Amino acid sequence: MSSPDRAKSATREFSISRLNGEEKEGYDLTGRTCYLKACEKLQVVPASYFLQNMGNSELSMVHHGLGPQGTKALAVPLVTNTSILRLNLRDNWIEGMGGAAIAEMLKENCYITEVDLSDNNLGDSGAAAMAGMLKENGTLVSLNLSGNHFTDRSAEHLGSALLTNTKLQHLDLSYNTLGERAGQCLGDSLSESLGLRSLSLAWNCIRGRGAELLANGLEGNVFLRKVDLSFNGFGKEGAIAVGRALKENCVLEELNVSNNRIPPVGAIHIAMGLKVNKTIKSLNIGRNPIQNAGCYGILQSLQENPESAVEVLDFFDITVNQDFDDLYTSVKETFPALRVNHGGRIGTFRKAKA
């Protein structure tokens, strides 16, 4: 029997035990008795913090060392719990087995709307369980799966789930090992996704053709408002695709492509997209080797687009020259609320006095 099947079987076994006459003391509204029985059967020590807070609207059990078995026990009373709306189990090393138990629980729980399972070593099997859950769950709005050793195989599972689920609005897949294949899978899904409002793919390995296809997916998306693609490897070709996406996308408001090895020519293509874009409010392209020329081109694109919505340009750690400062002063006359961050102006550094 697979991990998801074992988790599902255990969860349902405990949750319906009262119907078989095992629970003599009456219906347990809190799930306390159900949880203690699960802990006894799975041979884990009950978490006193859970027992004390299972009636609250938010349950945060970060760094509690639950492990796979402890998580399976926790999932049992959560199936029927109606109090908890936000669940945070970050950094409990629950692995694929624990992830499968939480996924099965979320298939039946219709109250929890926010879940944080980051830094739990879920692996590809855990991603598959989460994908299966997303195809059935109709209440989850926010899901954090950051730092779980997901590979391209995980993206294949999650990509198909995003085509089915229309309720999930916020998804965090940062700090994983998603590569080129993941860029293609997620790009295909994003072009047709009808639910996501924000997506983080920061700190992955999406580059080359995968970066292009991911950006192409953004081009046709009509729901995403915020996207974080920082710390990947988009480079020139990925930046060109981002520029094309900005020409067509009419809903995206915040875009982070910092730390992506984007050269000056890539920045110019992004600038070409900004010349016609009317929705982007914040662009972070800091810590890319775009030099003053790239910064200047992006700022100039605003000057040539009177309908631009840009309020923040972040060129963090990139030095600019006097020409850039002069252009900024001019652009501020048209966009007085515009804020620009950069790494300082060339030639303005002074030696410290002796």
# chains A, B, ... in the order shown; residues from 1 in each chain; ligands from 1
$ residues_around --residues "region 61-73 of chain A" --least-positions-apart "3" --cutoff "10 Å" --atoms "only C-alpha atoms" --output "PyMOL selection string"
chain A and resi 6-8+10-11+14+34-47+49-50+53+58+76-78+87-102+104-105+116-120+122
$ residues_around --residues "Thr279 (chain A)" --least-positions-apart "4" --cutoff "12 Å" --atoms "only C-alpha atoms" --output "list in words"
Val222, Leu224, Arg225, Lys226, Leu246, Lys247, Glu248, Asn249, Cys250, Val251, Leu252, Glu253, Glu254, Leu255, Gly273, Leu274, Lys275, Leu283, Asn305, Glu307, Ser308, Ala309, Val310 and Glu311 of chain A
$ residues_around --residues "Ser142 (chain A)" --least-positions-apart "3" --cutoff "9 Å" --atoms "only C-alpha atoms" --output "PyMOL selection string"
chain A and resi 113-116+168-172
$ write_last_selection --atoms "all heavy atoms" --output "PDB file, in the first residue's frame"
ATOM      1  N   THR A 113      -8.107  27.136   5.441  1.00  0.00           N
ATOM      2  CA  THR A 113      -7.897  27.920   4.217  1.00  0.00           C
ATOM      3  C   THR A 113      -6.422  28.244   3.954  1.00  0.00           C
ATOM      4  O   THR A 113      -6.062  28.573   2.832  1.00  0.00           O
ATOM      5  CB  THR A 113      -8.676  29.247   4.285  1.00  0.00           C
ATOM      6  OG1 THR A 113      -8.234  30.006   5.421  1.00  0.00           O
ATOM      7  CG2 THR A 113     -10.171  28.991   4.414  1.00  0.00           C
ATOM      8  N   GLU A 114      -5.570  28.169   4.993  1.00  0.00           N
ATOM      9  CA  GLU A 114      -4.154  28.482   4.824  1.00  0.00           C
ATOM     10  C   GLU A 114      -3.294  27.375   5.438  1.00  0.00           C
ATOM     11  O   GLU A 114      -3.514  26.993   6.584  1.00  0.00           O
ATOM     12  CB  GLU A 114      -3.804  29.816   5.486  1.00  0.00           C
ATOM     13  CG  GLU A 114      -4.550  31.009   4.907  1.00  0.00           C
ATOM     14  CD  GLU A 114      -4.193  32.299   5.614  1.00  0.00           C
ATOM     15  OE1 GLU A 114      -3.120  32.351   6.266  1.00  0.00           O
ATOM     16  OE2 GLU A 114      -4.980  33.259   5.533  1.00  0.00           O
ATOM     17  N   VAL A 115      -2.316  26.891   4.679  1.00  0.00           N
ATOM     18  CA  VAL A 115      -1.439  25.818   5.159  1.00  0.00           C
ATOM     19  C   VAL A 115       0.010  26.141   4.817  1.00  0.00           C
ATOM     20  O   VAL A 115       0.325  26.512   3.680  1.00  0.00           O
ATOM     21  CB  VAL A 115      -1.819  24.453   4.528  1.00  0.00           C
ATOM     22  CG1 VAL A 115      -0.780  23.392   4.887  1.00  0.00           C
ATOM     23  CG2 VAL A 115      -3.203  24.027   4.991  1.00  0.00           C
ATOM     24  N   ASP A 116       0.890  25.997   5.809  1.00  0.00           N
ATOM     25  CA  ASP A 116       2.325  26.185   5.618  1.00  0.00           C
ATOM     26  C   ASP A 116       3.031  24.875   5.948  1.00  0.00           C
ATOM     27  O   ASP A 116       3.071  24.456   7.102  1.00  0.00           O
ATOM     28  CB  ASP A 116       2.841  27.306   6.529  1.00  0.00           C
ATOM     29  CG  ASP A 116       4.307  27.653   6.258  1.00  0.00           C
ATOM     30  OD1 ASP A 116       5.010  26.825   5.647  1.00  0.00           O
ATOM     31  OD2 ASP A 116       4.746  28.744   6.667  1.00  0.00           O
ATOM     32  N   LEU A 168      -7.274  27.942  -5.071  1.00  0.00           N
ATOM     33  CA  LEU A 168      -5.982  28.314  -4.517  1.00  0.00           C
ATOM     34  C   LEU A 168      -5.512  29.633  -5.132  1.00  0.00           C
ATOM     35  O   LEU A 168      -5.454  29.773  -6.353  1.00  0.00           O
ATOM     36  CB  LEU A 168      -4.953  27.224  -4.794  1.00  0.00           C
ATOM     37  CG  LEU A 168      -3.597  27.392  -4.098  1.00  0.00           C
ATOM     38  CD1 LEU A 168      -3.752  27.189  -2.585  1.00  0.00           C
ATOM     39  CD2 LEU A 168      -2.571  26.407  -4.662  1.00  0.00           C
ATOM     40  N   GLN A 169      -5.177  30.594  -4.268  1.00  0.00           N
ATOM     41  CA  GLN A 169      -4.772  31.913  -4.746  1.00  0.00           C
ATOM     42  C   GLN A 169      -3.284  32.202  -4.542  1.00  0.00           C
ATOM     43  O   GLN A 169      -2.705  32.994  -5.293  1.00  0.00           O
ATOM     44  CB  GLN A 169      -5.592  32.998  -4.044  1.00  0.00           C
ATOM     45  CG  GLN A 169      -7.076  32.952  -4.352  1.00  0.00           C
ATOM     46  CD  GLN A 169      -7.838  34.092  -3.708  1.00  0.00           C
ATOM     47  OE1 GLN A 169      -7.261  35.078  -3.271  1.00  0.00           O
ATOM     48  NE2 GLN A 169      -9.150  33.952  -3.634  1.00  0.00           N
ATOM     49  N   HIS A 170      -2.670  31.593  -3.529  1.00  0.00           N
ATOM     50  CA  HIS A 170      -1.274  31.887  -3.213  1.00  0.00           C
ATOM     51  C   HIS A 170      -0.485  30.590  -3.084  1.00  0.00           C
ATOM     52  O   HIS A 170      -0.815  29.744  -2.252  1.00  0.00           O
ATOM     53  CB  HIS A 170      -1.190  32.693  -1.912  1.00  0.00           C
ATOM     54  CG  HIS A 170      -2.099  33.882  -1.872  1.00  0.00           C
ATOM     55  ND1 HIS A 170      -1.860  35.019  -2.604  1.00  0.00           N
ATOM     56  CD2 HIS A 170      -3.269  34.080  -1.218  1.00  0.00           C
ATOM     57  CE1 HIS A 170      -2.834  35.887  -2.390  1.00  0.00           C
ATOM     58  NE2 HIS A 170      -3.707  35.344  -1.561  1.00  0.00           N
ATOM     59  N   LEU A 171       0.571  30.453  -3.892  1.00  0.00           N
ATOM     60  CA  LEU A 171       1.384  29.237  -3.885  1.00  0.00           C
ATOM     61  C   LEU A 171       2.864  29.611  -3.816  1.00  0.00           C
ATOM     62  O   LEU A 171       3.357  30.407  -4.616  1.00  0.00           O
ATOM     63  CB  LEU A 171       1.118  28.410  -5.143  1.00  0.00           C
ATOM     64  CG  LEU A 171       1.943  27.127  -5.307  1.00  0.00           C
ATOM     65  CD1 LEU A 171       1.665  26.153  -4.172  1.00  0.00           C
ATOM     66  CD2 LEU A 171       1.652  26.477  -6.663  1.00  0.00           C
ATOM     67  N   ASP A 172       3.573  29.020  -2.846  1.00  0.00           N
ATOM     68  CA  ASP A 172       4.999  29.273  -2.668  1.00  0.00           C
ATOM     69  C   ASP A 172       5.776  27.987  -2.912  1.00  0.00           C
ATOM     70  O   ASP A 172       5.659  27.027  -2.159  1.00  0.00           O
ATOM     71  CB  ASP A 172       5.260  29.792  -1.248  1.00  0.00           C
ATOM     72  CG  ASP A 172       6.691  30.305  -1.064  1.00  0.00           C
ATOM     73  OD1 ASP A 172       7.557  29.918  -1.864  1.00  0.00           O
ATOM     74  OD2 ASP A 172       6.925  31.086  -0.122  1.00  0.00           O
TER      75      ASP A 172
END
$ select_by_dssp --residues "region 234-313 of chain A" --states "strand (DSSP E)" --output "PyMOL selection string"
chain A and resi 254-256+282-284+312-313
$ write_last_selection --atoms "N, CA, C and O atoms" --output "compact mmCIF listing (two decimals), in the first residue's frame"
# COMPACT_ATOMS: atom_id res chain seq x y z
N GLU A 254 3.18 43.01 -9.68
CA GLU A 254 4.50 42.95 -9.05
C GLU A 254 5.32 41.82 -9.66
O GLU A 254 4.86 40.69 -9.74
N LEU A 255 6.54 42.16 -10.09
CA LEU A 255 7.41 41.16 -10.71
C LEU A 255 8.82 41.29 -10.16
O LEU A 255 9.41 42.38 -10.14
N ASN A 256 9.37 40.18 -9.69
CA ASN A 256 10.73 40.15 -9.14
C ASN A 256 11.57 39.20 -9.99
O ASN A 256 11.35 37.99 -10.00
N SER A 282 5.39 47.38 -9.56
CA SER A 282 6.69 47.19 -8.93
C SER A 282 7.52 46.20 -9.73
O SER A 282 7.07 45.09 -10.02
N LEU A 283 8.73 46.62 -10.10
CA LEU A 283 9.67 45.74 -10.81
C LEU A 283 10.99 45.71 -10.05
O LEU A 283 11.61 46.74 -9.82
N ASN A 284 11.40 44.52 -9.65
CA ASN A 284 12.69 44.32 -8.99
C ASN A 284 13.60 43.56 -9.95
O ASN A 284 13.36 42.39 -10.24
N VAL A 312 7.48 51.59 -8.31
CA VAL A 312 8.77 51.21 -7.70
C VAL A 312 9.63 50.49 -8.73
O VAL A 312 9.19 49.52 -9.36
N LEU A 313 10.86 50.97 -8.89
CA LEU A 313 11.88 50.29 -9.68
C LEU A 313 13.05 49.99 -8.76
O LEU A 313 13.62 50.90 -8.15
$ closest_residue --among "A:Ala155, A:Leu327, A:Cys295, A:Leu196" --to "Gly343 (chain A)" --atoms "only C-alpha atoms"
A:Cys295
$ residues_around --residues "Asn288 (chain A)" --least-positions-apart "3" --cutoff "6 Å" --atoms "only C-alpha atoms" --output "number ranges by chain"
A: 259, 261-262
$ closest_residue --among "A:Lys281, A:His157, A:Arg181, A:Arg32" --to "Cys205 (chain A)" --atoms "only C-alpha atoms"
A:Arg181
